[in-house]
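See below for the structure under consideration.
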Amino acid sequence: MDGQKSAVDIVTVDGHEARGLVASGNRYLDVRLEEDFEKGHVEGALNIPYYSSVTPQEKVKNPRFIEQVSSLFGKDEVFIVGCRSGVRAKRATEDLLDAGFGNVKYLAGGYLAWLKSTNEEA
């Protein structure tokens, strides 16, 4: 095995499903940089950046990401991982699965999908 997670290993939820999980007491982890998180996020979300810096030239992965997540979430805990549009959260979810977080759920479409699900309910 090459160490890569296949798409079937990731449990994907949409905005409606993520809302239901949060409403039933599960927590939401936003993996954007703090300045992006502060522009708008799921109420009650926790923020641990997956990247420590992002520039047009490069993205530098947060070397303490797994350690920081481990300090707030149990490996058996069900929680949702999101970002703005979903790309960063998918990578973070793969790393969390590799680290033994077996119940992590990836929010496809990220915070934008969450917002869209709000508009559809209104």
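By order of appearance in the structure tokens: chains A, B, ..., then residues from 1 within every chain, and ligands from 1 in the order shown.
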Cut-off 7 Å: closest segment 39-101 of chain A/segment 10-30 of chain A atom pairs per residue, using only C-alpha atoms, as CSV:
residue,atom,partner,partner_atom,distance
A:Ala45,CA,A:Tyr28,CA,4.9
A:Leu46,CA,A:Leu29,CA,5.0
A:Asn47,CA,A:Asp30,CA,4.9
A:Ile48,CA,A:Asp30,CA,6.5
A:Val78,CA,A:Asn26,CA,6.3
A:Phe79,CA,A:Arg27,CA,5.0
A:Ile80,CA,A:Tyr28,CA,4.8
A:Val81,CA,A:Leu29,CA,4.8
A:Gly82,CA,A:Asp30,CA,4.9
A:Cys83,CA,A:Asp30,CA,5.3
Please save N, CA and C atoms of the selected residues as a CSV table (one decimal), in the first residue's frame.
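As written to disk, result_1.csv reads:
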chain,number,residue,atom,x,y,z
A,45,ALA,N,-17.4,26.5,16.2
A,45,ALA,CA,-16.3,25.7,15.6
A,45,ALA,C,-14.9,26.0,16.3
A,46,LEU,N,-14.1,25.0,16.3
A,46,LEU,CA,-12.7,25.1,16.8
A,46,LEU,C,-11.8,25.3,15.6
A,47,ASN,N,-10.8,26.1,15.7
A,47,ASN,CA,-9.9,26.4,14.6
A,47,ASN,C,-8.5,25.9,14.9
A,48,ILE,N,-8.0,24.9,14.1
A,48,ILE,CA,-6.6,24.5,14.1
A,48,ILE,C,-6.2,24.5,12.6
A,78,VAL,N,-16.5,11.5,17.2
A,78,VAL,CA,-17.1,11.9,15.9
A,78,VAL,C,-17.0,13.4,15.8
A,79,PHE,N,-16.4,13.9,14.8
A,79,PHE,CA,-16.3,15.4,14.5
A,79,PHE,C,-16.2,15.6,13.0
A,80,ILE,N,-16.6,16.8,12.7
A,80,ILE,CA,-16.6,17.2,11.3
A,80,ILE,C,-15.4,18.1,11.0
A,81,VAL,N,-14.8,17.9,9.8
A,81,VAL,CA,-13.6,18.8,9.4
A,81,VAL,C,-14.0,19.6,8.2
A,82,GLY,N,-13.9,20.9,8.3
A,82,GLY,CA,-14.2,21.8,7.2
A,82,GLY,C,-13.2,22.9,7.0
A,83,CYS,N,-13.3,23.5,5.8
A,83,CYS,CA,-12.5,24.7,5.5
A,83,CYS,C,-13.4,25.6,4.8
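Every residue of segment 6-75 of chain A found in alpha helix (DSSP H) when DSSP is run on the backbone appears here: Gly15, His16, Glu17, Ala18, Arg19, Gly20, Leu21, Val22, Ala23, Glu34, Glu35, Asp36, Phe37, Phe65, Ile66, Glu67, Gln68, Val69, Ser70, Ser71 and Leu72 of chain A.
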For Asp9 of chain A: contacts at 12 Å, only C-alpha atoms, fewer than 5 positions along chain excluded, given as a PyMOL selection string: chain A and resi 4+90+93-98+101-106
To one decimal place in Å, what is the distance between atom CA of Tyr51 of chain A and atom CA of Arg88 of chain A? 8.5 Å
Distance atom CA of Thr118 of chain A-atom CA of Glu43 of chain A, one decimal place? 12.6 Å
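Distance annotation: of A:Pro63, A:Gly110, A:Gly74, A:Pro56, the residue with the minimal separation from Gly40 of chain A is A:Gly110; atom set is only C-alpha atoms.
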Segment 28-69 of chain A: which residues are strand (DSSP E) by DSSP, as number ranges by chain? A: 28-30, 46-47, 51-54, 59-61
